[in-house]
>>> print(open('upload29.cif').read())   # mmCIF, C-alpha atoms
data_my_file
#
loop_
_atom_site.label_atom_id
_atom_site.label_comp_id
_atom_site.auth_asym_id
_atom_site.auth_seq_id
_atom_site.Cartn_x
_atom_site.Cartn_y
_atom_site.Cartn_z
CA MET A 1 -12.08 20.57 -23.16
CA VAL A 2 -10.03 21.94 -20.24
CA THR A 3 -11.48 25.11 -18.73
CA PRO A 4 -9.14 27.88 -17.47
CA SER A 5 -9.93 27.10 -13.83
CA GLN A 6 -9.64 23.35 -14.20
CA LYS A 7 -6.85 21.66 -12.27
CA LYS A 8 -4.86 19.03 -14.14
CA PHE A 9 -3.34 16.02 -12.40
CA LEU A 10 -0.83 13.49 -13.65
CA VAL A 11 -0.66 10.05 -12.08
CA VAL A 12 2.62 8.45 -13.15
CA THR A 13 4.02 5.02 -12.36
CA LEU A 14 7.29 3.27 -13.20
CA GLY A 15 7.48 -0.24 -14.61
CA GLN A 16 6.74 -2.52 -17.52
CA TYR A 17 4.36 -1.07 -20.08
CA HIS A 18 0.63 -1.28 -19.52
CA ASN A 19 -2.22 0.86 -20.77
CA LYS A 20 -3.89 1.62 -17.44
CA PRO A 21 -3.68 0.19 -13.89
CA TRP A 22 -6.54 -2.02 -12.65
CA TRP A 23 -7.98 0.73 -10.44
CA TRP A 24 -8.19 3.38 -13.16
CA ASN A 25 -11.76 2.57 -14.24
CA HIS A 26 -12.97 2.76 -10.63
CA ILE A 27 -12.13 6.42 -10.05
CA ASN A 28 -13.67 9.65 -11.29
CA THR A 29 -11.06 11.24 -13.55
CA LYS A 30 -13.14 14.38 -14.16
CA ALA A 31 -14.19 15.35 -10.66
CA GLU A 32 -15.27 18.92 -9.84
CA ASN A 33 -13.03 20.94 -12.17
CA CYS A 34 -10.25 18.36 -11.95
CA LEU A 35 -8.91 16.36 -14.88
CA VAL A 36 -6.76 13.32 -14.07
CA GLU A 37 -4.43 11.76 -16.64
CA TYR A 38 -2.24 8.67 -16.41
CA HIS A 39 1.24 7.92 -17.75
CA ARG A 40 3.32 4.76 -17.44
CA PHE A 41 7.01 5.66 -17.36
CA CYS A 42 8.96 2.76 -18.85
CA PHE A 43 12.70 2.30 -18.39
CA LYS A 44 14.20 -0.80 -20.01
CA ASN A 45 10.94 -2.60 -19.18
CA LYS A 46 11.99 -2.79 -15.51
CA HIS A 47 10.27 -2.16 -12.22
CA SER A 48 11.90 0.22 -9.74
CA MET A 49 13.56 -2.52 -7.66
CA GLU A 50 15.08 -4.09 -10.80
CA ILE A 51 17.00 -0.97 -11.84
CA SER A 52 20.68 -1.13 -10.92
CA THR A 53 22.65 1.70 -9.33
CA SER A 54 24.73 2.07 -12.50
CA GLU A 55 21.53 2.85 -14.42
CA PHE A 56 20.47 5.68 -12.07
CA PRO A 57 22.14 8.51 -14.07
CA LEU A 58 20.41 7.56 -17.31
CA LEU A 59 17.08 7.12 -15.54
CA PHE A 60 17.50 10.51 -13.86
CA ILE A 61 18.13 12.22 -17.22
CA ARG A 62 15.03 10.62 -18.71
CA VAL A 63 12.90 11.59 -15.71
CA LEU A 64 14.25 15.15 -15.93
CA LYS A 65 13.33 15.39 -19.63
CA SER A 66 9.80 14.17 -18.87
CA TYR A 67 9.47 16.46 -15.87
CA ILE A 68 10.33 19.52 -18.00
CA LYS A 69 7.24 18.73 -20.08
CA TRP A 70 5.04 17.81 -17.12
CA HIS A 71 5.75 20.80 -14.92
CA ARG A 72 4.23 23.26 -17.41
CA LYS A 73 1.14 21.17 -18.01
CA TYR A 74 0.06 19.82 -14.62
CA ASP A 75 -0.90 21.27 -11.25
CA TYR A 76 -0.22 18.02 -9.39
CA ILE A 77 2.03 15.02 -10.03
CA PHE A 78 1.24 11.81 -8.14
CA THR A 79 3.78 9.00 -7.73
CA PHE A 80 3.83 5.89 -5.55
CA GLU A 81 5.72 4.30 -2.65
CA CYS A 82 9.01 6.24 -2.72
CA ASP A 83 10.12 4.41 -5.85
CA LEU A 84 12.93 5.81 -8.01
CA LEU A 85 10.52 7.87 -10.09
CA GLY A 86 9.08 9.64 -7.06
CA PHE A 87 12.53 10.04 -5.53
CA PHE A 88 13.97 11.65 -8.68
CA ILE A 89 10.99 13.99 -9.12
CA SER A 90 11.41 15.08 -5.49
CA LEU A 91 15.13 15.65 -6.05
CA ILE A 92 14.50 17.66 -9.24
CA GLN A 93 11.96 19.88 -7.52
CA THR A 94 14.26 20.42 -4.52
CA LEU A 95 17.22 21.35 -6.74
CA ILE A 96 15.37 23.34 -9.40
CA THR A 97 12.72 25.51 -7.79
CA THR A 98 10.51 27.38 -10.24
CA LYS A 99 7.35 29.43 -10.00
CA ASN A 100 4.08 27.53 -10.29
CA MET A 101 5.85 24.22 -9.75
CA PRO A 102 3.35 21.30 -9.67
CA HIS A 103 2.59 19.86 -6.26
CA HIS A 104 4.23 16.45 -5.92
CA VAL A 105 2.25 13.93 -3.87
CA ILE A 106 3.55 10.44 -3.09
CA LEU A 107 0.73 7.94 -2.58
CA GLN A 108 1.18 4.87 -0.36
CA PHE A 109 4.31 6.50 1.04
CA ILE A 110 6.51 4.01 2.88
CA MET A 111 10.14 3.83 3.98
CA ARG A 112 11.90 1.34 6.17
CA GLU A 113 12.28 2.55 9.73
CA LYS A 114 15.38 4.46 10.66
CA THR A 115 18.00 2.54 12.65
CA ASN A 116 21.23 3.56 14.36
CA THR A 117 23.40 2.30 11.52
CA ILE A 118 25.51 4.64 9.38
CA ASN A 119 23.73 3.53 6.19
CA SER A 120 20.27 4.16 7.66
CA ASN A 121 21.22 7.60 9.02
CA LEU A 122 22.77 8.54 5.68
CA LYS A 123 19.72 7.33 3.77
CA TYR A 124 17.35 9.35 5.94
CA SER A 125 19.54 12.45 5.63
CA ILE A 126 19.47 12.17 1.82
CA MET A 127 15.73 11.55 1.80
CA LYS A 128 15.09 14.46 4.15
CA PHE A 129 16.87 16.75 1.70
CA CYS A 130 15.10 15.34 -1.36
CA PHE A 131 11.65 15.44 0.20
CA LYS A 132 11.93 19.13 1.14
CA SER A 133 9.94 19.88 -2.02
CA LEU A 134 7.35 17.13 -1.47
CA HIS A 135 3.87 18.55 -1.06
CA LYS A 136 2.22 15.59 0.68
CA ALA A 137 3.10 12.04 1.67
CA VAL A 138 -0.02 9.87 1.81
CA CYS A 139 0.28 7.04 4.35
CA SER A 140 -1.84 3.95 4.99
CA SER A 141 -2.05 4.32 8.79
CA LYS A 142 -2.61 7.19 11.20
CA THR A 143 0.32 6.55 13.54
CA GLU A 144 2.65 6.10 10.57
CA THR A 145 2.16 9.78 9.72
CA ASP A 146 3.44 10.73 13.19
CA TYR A 147 6.55 8.63 12.63
CA TYR A 148 7.47 10.38 9.36
CA HIS A 149 6.81 13.83 10.81
CA ASP A 150 9.27 13.01 13.59
CA ALA A 151 11.83 11.17 11.43
CA PHE A 152 12.06 13.91 8.80
CA GLY A 153 11.23 16.92 10.94
CA TRP A 154 8.31 17.68 8.64
CA PRO A 155 5.75 20.40 9.38
CA ALA A 156 2.32 19.33 10.58
CA ASN A 157 0.06 17.74 7.96
CA LYS A 158 2.77 17.09 5.38
CA ALA A 159 2.06 13.39 5.91
CA LYS A 160 -1.65 12.54 5.58
CA TYR A 161 -3.48 9.35 6.47
CA ILE A 162 -5.81 8.07 3.77
CA PRO A 163 -7.17 4.52 4.11
CA PHE A 164 -5.85 2.02 1.61
CA HIS A 165 -8.12 0.28 -0.93
CA THR A 166 -8.72 -3.07 -2.59
CA ASP A 167 -10.17 -4.47 -5.81
CA PRO A 168 -14.00 -4.18 -5.96
CA LYS A 169 -14.12 -7.46 -7.89
CA ALA A 170 -13.30 -9.28 -4.66
CA LEU A 171 -16.72 -8.28 -3.29
CA GLU A 172 -18.37 -10.30 -6.07
CA GLU A 173 -16.01 -13.28 -5.93
CA ARG A 174 -17.66 -16.67 -5.36
CA THR A 175 -15.79 -18.04 -2.38
CA LYS A 176 -15.47 -21.54 -0.93
CA ASP A 177 -14.68 -22.94 2.49
CA ASP A 178 -12.26 -25.83 2.08
CA GLY A 179 -11.53 -25.78 5.80
CA PHE A 180 -7.90 -24.64 5.84
CA ILE A 181 -6.14 -21.68 7.43
CA PHE A 182 -4.44 -19.30 5.02
CA SER A 183 -1.61 -16.83 5.63
CA GLY A 184 0.51 -14.97 3.12
CA GLY A 185 2.69 -12.00 2.31
CA LYS A 186 6.30 -10.94 2.73
CA SER A 187 6.67 -7.51 4.31
CA PHE A 188 7.31 -7.53 8.06
CA ARG A 189 5.52 -10.84 8.66
CA ASP A 190 5.93 -12.56 12.03
CA TYR A 191 5.82 -16.12 10.75
CA GLU A 192 7.70 -17.49 13.77
CA THR A 193 4.77 -16.60 16.03
CA LEU A 194 2.35 -18.06 13.49
CA MET A 195 4.29 -21.33 13.25
CA GLN A 196 4.27 -21.72 17.02
CA SER A 197 0.50 -21.28 16.97
CA LEU A 198 -0.15 -23.65 14.09
CA SER A 199 2.10 -26.43 15.36
CA SER A 200 -0.52 -27.54 17.88
CA ILE A 201 -3.63 -26.98 15.75
CA ASN A 202 -5.11 -30.05 14.07
CA SER A 203 -6.14 -28.33 10.84
CA ASP A 204 -4.55 -27.85 7.45
CA SER A 205 -2.73 -24.56 6.85
CA ILE A 206 -1.32 -22.88 3.73
CA VAL A 207 1.43 -20.30 4.27
CA VAL A 208 2.80 -18.29 1.33
CA GLY A 209 5.91 -16.17 1.86
CA TYR A 210 7.69 -18.15 4.59
CA GLU A 211 11.17 -19.34 3.71
CA LYS A 212 11.69 -22.14 6.25
CA PRO A 213 10.45 -25.76 6.22
CA ALA A 214 7.05 -26.62 7.69
CA ARG A 215 6.94 -27.60 11.38
CA HIS A 216 4.51 -30.49 10.82
CA ASP A 217 2.78 -32.26 7.93
CA ARG A 218 -0.48 -30.29 8.13
CA ILE A 219 1.31 -27.05 7.22
CA THR A 220 2.08 -26.46 3.53
CA ILE A 221 4.71 -23.82 2.80
CA PHE A 222 5.17 -21.89 -0.45
CA PRO A 223 8.06 -19.37 -0.41
CA ARG A 224 6.28 -17.58 -3.28
CA LEU A 225 3.38 -18.11 -5.67
CA PRO A 226 1.93 -16.36 -8.74
CA TRP A 227 -0.68 -13.81 -7.65
CA ASN A 228 -3.60 -15.77 -9.16
CA ASP A 229 -2.61 -18.92 -7.26
CA PHE A 230 -2.17 -16.86 -4.10
CA LEU A 231 -5.70 -15.47 -4.48
CA ASP A 232 -7.13 -18.92 -5.21
CA TYR A 233 -5.93 -20.20 -1.84
CA MET A 234 -7.39 -17.15 -0.11
CA VAL A 235 -10.74 -17.65 -1.86
CA ARG A 236 -10.89 -21.28 -0.70
CA SER A 237 -9.71 -20.72 2.88
CA ARG A 238 -11.81 -20.82 6.04
CA ILE A 239 -9.94 -18.03 7.84
CA VAL A 240 -7.09 -15.70 6.93
CA VAL A 241 -4.29 -14.93 9.40
CA VAL A 242 -1.91 -11.99 8.94
CA PRO A 243 0.85 -12.13 11.59
CA LEU A 244 2.86 -8.91 11.67
CA GLU A 245 5.93 -7.56 13.38
CA GLU A 246 5.43 -4.60 15.68
CA ARG A 247 6.52 -1.66 13.51
CA LYS A 248 6.04 2.09 13.21
CA ILE A 249 5.40 1.79 9.48
CA SER A 250 2.52 -0.08 7.92
CA ALA A 251 2.30 -3.35 6.03
CA GLY A 252 -0.22 -6.06 5.28
CA GLN A 253 -3.20 -3.93 4.23
CA THR A 254 -3.25 -5.40 0.72
CA ILE A 255 -3.91 -8.93 2.00
CA ILE A 256 -6.13 -7.85 4.89
CA LEU A 257 -8.48 -5.74 2.76
CA TYR A 258 -8.70 -8.29 -0.05
CA ALA A 259 -9.57 -11.03 2.46
CA MET A 260 -12.15 -8.75 4.09
CA ALA A 261 -13.69 -8.02 0.68
CA LEU A 262 -14.00 -11.76 0.10
CA GLY A 263 -15.94 -12.01 3.38
CA LYS A 264 -13.20 -14.02 5.07
CA PRO A 265 -12.77 -13.60 8.83
CA VAL A 266 -9.30 -12.13 9.39
CA ILE A 267 -7.07 -12.54 12.42
CA ALA A 268 -4.19 -10.05 12.46
CA THR A 269 -1.61 -8.68 14.85
CA ASN A 270 -2.57 -5.48 16.65
CA THR A 271 -0.09 -3.04 15.11
CA THR A 272 0.17 0.29 13.32
CA SER A 273 -0.87 -1.56 10.15
CA THR A 274 -4.17 -2.95 11.38
CA ILE A 275 -5.78 -0.74 14.02
CA ASP A 276 -7.26 1.64 11.44
CA TYR A 277 -8.97 -1.18 9.52
CA ILE A 278 -10.05 -3.86 11.96
CA ASP A 279 -12.55 -3.25 14.75
CA SER A 280 -11.60 -6.28 16.82
CA GLY A 281 -14.47 -8.63 17.52
CA LYS A 282 -16.66 -7.00 14.86
CA ASN A 283 -15.09 -7.06 11.39
CA GLY A 284 -11.97 -9.04 12.33
CA ILE A 285 -9.85 -10.17 15.27
CA LEU A 286 -6.72 -8.44 16.57
CA VAL A 287 -4.22 -10.26 18.80
CA PRO A 288 -1.21 -8.88 20.70
CA PRO A 289 2.23 -8.99 19.01
CA ASN A 290 4.48 -11.98 19.73
CA ASP A 291 1.71 -13.92 21.48
CA PRO A 292 1.40 -17.41 19.94
CA LYS A 293 -0.96 -18.64 22.69
CA GLU A 294 -3.52 -15.89 22.07
CA LEU A 295 -3.18 -16.31 18.32
CA ARG A 296 -3.78 -20.05 18.64
CA LYS A 297 -6.80 -19.40 20.87
CA GLN A 298 -8.43 -17.04 18.37
CA ILE A 299 -7.71 -19.35 15.43
CA LEU A 300 -9.41 -22.23 17.24
CA ILE A 301 -12.42 -20.09 18.15
CA LEU A 302 -13.00 -19.12 14.52
CA LEU A 303 -12.34 -22.59 13.19
CA GLN A 304 -15.01 -24.03 15.45
CA ASP A 305 -17.67 -21.28 15.32
CA SER A 306 -19.28 -21.00 11.88
CA ALA A 307 -21.82 -18.39 13.02
CA LEU A 308 -19.03 -16.12 14.29
CA ARG A 309 -17.08 -16.58 11.06
CA CYS A 310 -20.13 -15.57 9.06
CA GLU A 311 -20.85 -12.55 11.29
CA ILE A 312 -17.29 -11.24 11.12
CA GLY A 313 -16.94 -12.01 7.40
CA ASN A 314 -20.14 -10.15 6.54
CA ALA A 315 -19.11 -7.13 8.64
CA ALA A 316 -15.69 -7.15 6.94
CA LYS A 317 -17.21 -7.17 3.47
CA SER A 318 -19.57 -4.36 4.43
CA ALA A 319 -16.68 -2.24 5.76
CA VAL A 320 -14.77 -2.64 2.49
CA SER A 321 -17.79 -1.74 0.37
CA LYS A 322 -18.31 1.46 2.39
CA LYS A 323 -14.73 2.67 2.97
CA TYR A 324 -11.95 0.76 1.23
CA LEU A 325 -12.46 0.85 -2.54
CA PRO A 326 -10.48 2.84 -5.15
CA GLN A 327 -13.24 5.43 -5.47
CA HIS A 328 -13.10 6.03 -1.71
CA TYR A 329 -9.33 6.44 -1.91
CA ALA A 330 -9.56 8.92 -4.79
CA ASN A 331 -12.39 10.85 -3.13
CA ASN A 332 -10.31 11.14 0.03
CA ILE A 333 -7.39 12.52 -1.99
CA PHE A 334 -9.69 15.24 -3.34
CA LYS A 335 -11.31 15.90 0.03
CA LYS A 336 -8.21 15.92 2.24
CA ILE A 337 -5.55 17.30 -0.10
CA ILE A 338 -6.85 18.90 -3.30
CA PHE A 339 -9.90 20.82 -2.11
CA PRO A 340 -8.14 22.37 0.94
CA ASP A 341 -5.37 23.54 -1.43
CA ILE A 342 -7.87 25.04 -3.86
CA SER A 343 -9.77 26.80 -1.08
CA ARG A 344 -6.53 28.42 0.13
CA ASN A 345 -5.31 29.27 -3.39
CA PRO A 346 -8.34 29.51 -5.71
#
>>> encode(input="upload29.cif", output="structure tokens")
Amino acid sequence: MVTPSQKKFLVVTLGQYHNKPWWWNHINTKAENCLVEYHRFCFKNKHSMEISTSEFPLLFIRVLKSYIKWHRKYDYIFTFECDLLGFFISLIQTLITTKNMPHHVILQFIMREKTNTINSNLKYSIMKFCFKSLHKAVCSSKTETDYYHDAFGWPANKAKYIPFHTDPKALEERTKDDGFIFSGGKSFRDYETLMQSLSSINSDSIVVGYEKPARHDRITIFPRLPWNDFLDYMVRSRIVVVPLEERKISAGQTIILYAMALGKPVIATNTTSTIDYIDSGKNGILVPPNDPKELRKQILILLQDSALRCEIGNAAKSAVSKKYLPQHYANNIFKKIIFPDISRNP
């Protein structure tokens, strides 16, 4: 039963129907006078990126109808990643301001960096207007929050850093070491630097997400793979390499944290995306951007030193178990966003 002082939260996602997301059972949905509910918003059984521009008006009307019900019932509405659902809720709240409007929080907030093109400037101008009503944008790196504050002219603390999370089941996964190097992912990957490094290494490599042919016969390329097959290669790898472009926004944490949870030693580019998660030399290795020689050097060191691989892999798994699980993410939301709000407005 909901008590009068109990805060009610709605977590809502857009996509094909499912009952609950995988992380739902790992969080406390009744924490300290807070009740968290989940809703899957389905539109033609499509994910956000599959919805065409011509379908936007109908989607907007359906979101508006749902929001009219939600805004009277919930104190907070949580959406994800600047998808169409979060964008439309932000637009509705900016256009239709009402008393006691629920706080809208976008988790895993990410937008492509602003460029000097007309389209990019227009996009950021539209987003700046829409996100006027946004309560908090939760980012996956510390320096990324600074970028959004500057790009949108947001007041201090509108963007908050909360470390990303991974599946606890990975901590219990029975791994193998089949001796190969694994790399995978799509967003902002620097595969050219990786290929230069691998071309002179006499070990097998599996790369998932690269679109060009392999440079030599010991590199196997998959432009894409089903997620289970992707994970199987990671489970059987000796080391995991995540080469990243130097960006102001974050990427790659999904693969990095899952590999760390498996106890795999990770080599990644030293960027906004990685510096909050990898303590170089302890629970992973960071290399400078666009430096194939240093990347090759660190790959060879880990390939040849089993004791170092074990030491780094164990430290990585320990870090995940202490800081990077769904319950840690949810607890940080309460600690850094909800409880400060409640203390200011009991």
>>> residues_near_point(input="upload29.cif", point="(-21.6, -10.0, 7.0)", cutoff="10 Å", atoms="only C-alpha atoms", output="PDB file with C-alpha atoms, keeping the file's coordinate frame")
ATOM      1  CA  MET A 260     -12.150  -8.750   4.090  1.00  0.00           C
ATOM      2  CA  GLY A 263     -15.940 -12.010   3.380  1.00  0.00           C
ATOM      3  CA  LYS A 264     -13.200 -14.020   5.070  1.00  0.00           C
ATOM      4  CA  PRO A 265     -12.770 -13.600   8.830  1.00  0.00           C
ATOM      5  CA  LYS A 282     -16.660  -7.000  14.860  1.00  0.00           C
ATOM      6  CA  ASN A 283     -15.090  -7.060  11.390  1.00  0.00           C
ATOM      7  CA  LEU A 308     -19.030 -16.120  14.290  1.00  0.00           C
ATOM      8  CA  ARG A 309     -17.080 -16.580  11.060  1.00  0.00           C
ATOM      9  CA  CYS A 310     -20.130 -15.570   9.060  1.00  0.00           C
ATOM     10  CA  GLU A 311     -20.850 -12.550  11.290  1.00  0.00           C
ATOM     11  CA  ILE A 312     -17.290 -11.240  11.120  1.00  0.00           C
ATOM     12  CA  GLY A 313     -16.940 -12.010   7.400  1.00  0.00           C
ATOM     13  CA  ASN A 314     -20.140 -10.150   6.540  1.00  0.00           C
ATOM     14  CA  ALA A 315     -19.110  -7.130   8.640  1.00  0.00           C
ATOM     15  CA  ALA A 316     -15.690  -7.150   6.940  1.00  0.00           C
ATOM     16  CA  LYS A 317     -17.210  -7.170   3.470  1.00  0.00           C
ATOM     17  CA  SER A 318     -19.570  -4.360   4.430  1.00  0.00           C
ATOM     18  CA  ALA A 319     -16.680  -2.240   5.760  1.00  0.00           C
TER      19      ALA A 319
END
>>> resolve_selection(input="upload29.cif", expression="the PyMOL selection byres ((chain A and resi 132-148) around 7)", output="NGL selection string")
:A and (90 or 93-94 or 103-109 or 128-131 or 149-152 or 158-164 or 248-250 or 272-273 or 276)
>>> residues_around(input="upload29.cif", residues="Tyr17 in chain A", least_positions_apart="4", cutoff="7 Å", atoms="only C-alpha atoms", output="PDB file with C-alpha atoms, in the coordinates of the input")
ATOM      1  CA  ARG A  40       3.320   4.760 -17.440  1.00  0.00           C
ATOM      2  CA  CYS A  42       8.960   2.760 -18.850  1.00  0.00           C
ATOM      3  CA  ASN A  45      10.940  -2.600 -19.180  1.00  0.00           C
TER       4      ASN A  45
END
>>> atom_distance(input="upload29.cif", atom1="CA of His18 in chain A", atom2="CA of Ser48 in chain A")
15.0 Å
>>> resolve_selection(input="upload29.cif", expression="the PyMOL selection byres ((chain A and resi 202-217) around 10)", output="count of residues only")
39
>>> residues_around(input="upload29.cif", residues="Ile27 in chain A", least_positions_apart="3", cutoff="7 Å", atoms="all atoms listed in the file", output="ChimeraX atom specification")
/A:24,326-327,330
>>> closest_residue(input="upload29.cif", among="A:Val266, A:Val36, A:Leu14, A:Leu244", to="Thr79 in chain A", atoms="all atoms listed in the file")
A:Leu14
>>> closest_residue(input="upload29.cif", among="A:His26, A:Lys20, A:Lys7, A:Arg344", to="His165 in chain A", atoms="all atoms listed in the file")
A:His26
>>> resolve_selection(input="upload29.cif", expression="the PyMOL selection byres ((chain A and resi 258) around 9)", output="list in words")
His165, Thr166, Asp167, Pro168, Ala170, Leu171, Leu231, Met234, Gln253, Thr254, Ile255, Ile256, Leu257, Ala259, Met260, Ala261, Leu262, Gly263, Lys264 and Val320 of chain A
>>> atom_distance(input="upload29.cif", atom1="CA of Glu246 in chain A", atom2="CA of Thr271 in chain A")
5.8 Å
>>> decode(input="upload29.cif", residues="range 46-62 of chain A", atoms="N, CA, C and O atoms", output="PDB file, in the first residue's frame")
ATOM      1  N   LYS A  46       8.221  -1.604 -32.535  1.00  0.00           N
ATOM      2  CA  LYS A  46       9.485  -1.073 -33.052  1.00  0.00           C
ATOM      3  C   LYS A  46      10.313  -0.473 -31.935  1.00  0.00           C
ATOM      4  O   LYS A  46       9.791   0.024 -30.938  1.00  0.00           O
ATOM      5  N   HIS A  47      11.639  -0.511 -32.129  1.00  0.00           N
ATOM      6  CA  HIS A  47      12.541   0.238 -31.273  1.00  0.00           C
ATOM      7  C   HIS A  47      12.631   1.676 -31.791  1.00  0.00           C
ATOM      8  O   HIS A  47      12.223   1.978 -32.916  1.00  0.00           O
ATOM      9  N   SER A  48      13.188   2.552 -30.972  1.00  0.00           N
ATOM     10  CA  SER A  48      13.192   3.984 -31.295  1.00  0.00           C
ATOM     11  C   SER A  48      13.811   4.268 -32.660  1.00  0.00           C
ATOM     12  O   SER A  48      13.267   5.041 -33.452  1.00  0.00           O
ATOM     13  N   MET A  49      14.942   3.627 -32.959  1.00  0.00           N
ATOM     14  CA  MET A  49      15.650   3.908 -34.211  1.00  0.00           C
ATOM     15  C   MET A  49      14.923   3.366 -35.432  1.00  0.00           C
ATOM     16  O   MET A  49      15.253   3.717 -36.562  1.00  0.00           O
ATOM     17  N   GLU A  50      13.926   2.503 -35.227  1.00  0.00           N
ATOM     18  CA  GLU A  50      13.186   1.908 -36.346  1.00  0.00           C
ATOM     19  C   GLU A  50      11.959   2.722 -36.733  1.00  0.00           C
ATOM     20  O   GLU A  50      11.332   2.442 -37.747  1.00  0.00           O
ATOM     21  N   ILE A  51      11.621   3.717 -35.933  1.00  0.00           N
ATOM     22  CA  ILE A  51      10.414   4.513 -36.179  1.00  0.00           C
ATOM     23  C   ILE A  51      10.726   5.608 -37.180  1.00  0.00           C
ATOM     24  O   ILE A  51      11.673   6.387 -37.004  1.00  0.00           O
ATOM     25  N   SER A  52       9.945   5.679 -38.254  1.00  0.00           N
ATOM     26  CA  SER A  52      10.199   6.650 -39.314  1.00  0.00           C
ATOM     27  C   SER A  52       9.675   8.032 -38.940  1.00  0.00           C
ATOM     28  O   SER A  52       8.812   8.180 -38.075  1.00  0.00           O
ATOM     29  N   THR A  53      10.210   9.045 -39.620  1.00  0.00           N
ATOM     30  CA  THR A  53       9.795  10.427 -39.354  1.00  0.00           C
ATOM     31  C   THR A  53       8.300  10.609 -39.583  1.00  0.00           C
ATOM     32  O   THR A  53       7.632  11.353 -38.846  1.00  0.00           O
ATOM     33  N   SER A  54       7.758   9.931 -40.573  1.00  0.00           N
ATOM     34  CA  SER A  54       6.319  10.062 -40.865  1.00  0.00           C
ATOM     35  C   SER A  54       5.455   9.512 -39.734  1.00  0.00           C
ATOM     36  O   SER A  54       4.268   9.851 -39.632  1.00  0.00           O
ATOM     37  N   GLU A  55       6.026   8.666 -38.888  1.00  0.00           N
ATOM     38  CA  GLU A  55       5.271   8.084 -37.772  1.00  0.00           C
ATOM     39  C   GLU A  55       5.358   8.927 -36.504  1.00  0.00           C
ATOM     40  O   GLU A  55       4.686   8.627 -35.513  1.00  0.00           O
ATOM     41  N   PHE A  56       6.197   9.978 -36.511  1.00  0.00           N
ATOM     42  CA  PHE A  56       6.394  10.796 -35.310  1.00  0.00           C
ATOM     43  C   PHE A  56       5.086  11.396 -34.782  1.00  0.00           C
ATOM     44  O   PHE A  56       4.842  11.360 -33.572  1.00  0.00           O
ATOM     45  N   PRO A  57       4.215  11.977 -35.643  1.00  0.00           N
ATOM     46  CA  PRO A  57       2.994  12.585 -35.096  1.00  0.00           C
ATOM     47  C   PRO A  57       2.120  11.598 -34.323  1.00  0.00           C
ATOM     48  O   PRO A  57       1.614  11.927 -33.242  1.00  0.00           O
ATOM     49  N   LEU A  58       1.937  10.409 -34.879  1.00  0.00           N
ATOM     50  CA  LEU A  58       1.117   9.412 -34.198  1.00  0.00           C
ATOM     51  C   LEU A  58       1.766   8.981 -32.892  1.00  0.00           C
ATOM     52  O   LEU A  58       1.085   8.839 -31.861  1.00  0.00           O
ATOM     53  N   LEU A  59       3.074   8.771 -32.919  1.00  0.00           N
ATOM     54  CA  LEU A  59       3.783   8.402 -31.694  1.00  0.00           C
ATOM     55  C   LEU A  59       3.642   9.496 -30.646  1.00  0.00           C
ATOM     56  O   LEU A  59       3.376   9.216 -29.471  1.00  0.00           O
ATOM     57  N   PHE A  60       3.783  10.751 -31.065  1.00  0.00           N
ATOM     58  CA  PHE A  60       3.674  11.874 -30.133  1.00  0.00           C
ATOM     59  C   PHE A  60       2.292  11.895 -29.462  1.00  0.00           C
ATOM     60  O   PHE A  60       2.178  12.105 -28.252  1.00  0.00           O
ATOM     61  N   ILE A  61       1.244  11.677 -30.242  1.00  0.00           N
ATOM     62  CA  ILE A  61      -0.118  11.668 -29.694  1.00  0.00           C
ATOM     63  C   ILE A  61      -0.269  10.558 -28.659  1.00  0.00           C
ATOM     64  O   ILE A  61      -0.857  10.765 -27.585  1.00  0.00           O
ATOM     65  N   ARG A  62       0.279   9.393 -28.965  1.00  0.00           N
ATOM     66  CA  ARG A  62       0.172   8.275 -28.019  1.00  0.00           C
ATOM     67  C   ARG A  62       0.981   8.536 -26.750  1.00  0.00           C
ATOM     68  O   ARG A  62       0.546   8.191 -25.647  1.00  0.00           O
TER      69      ARG A  62
END
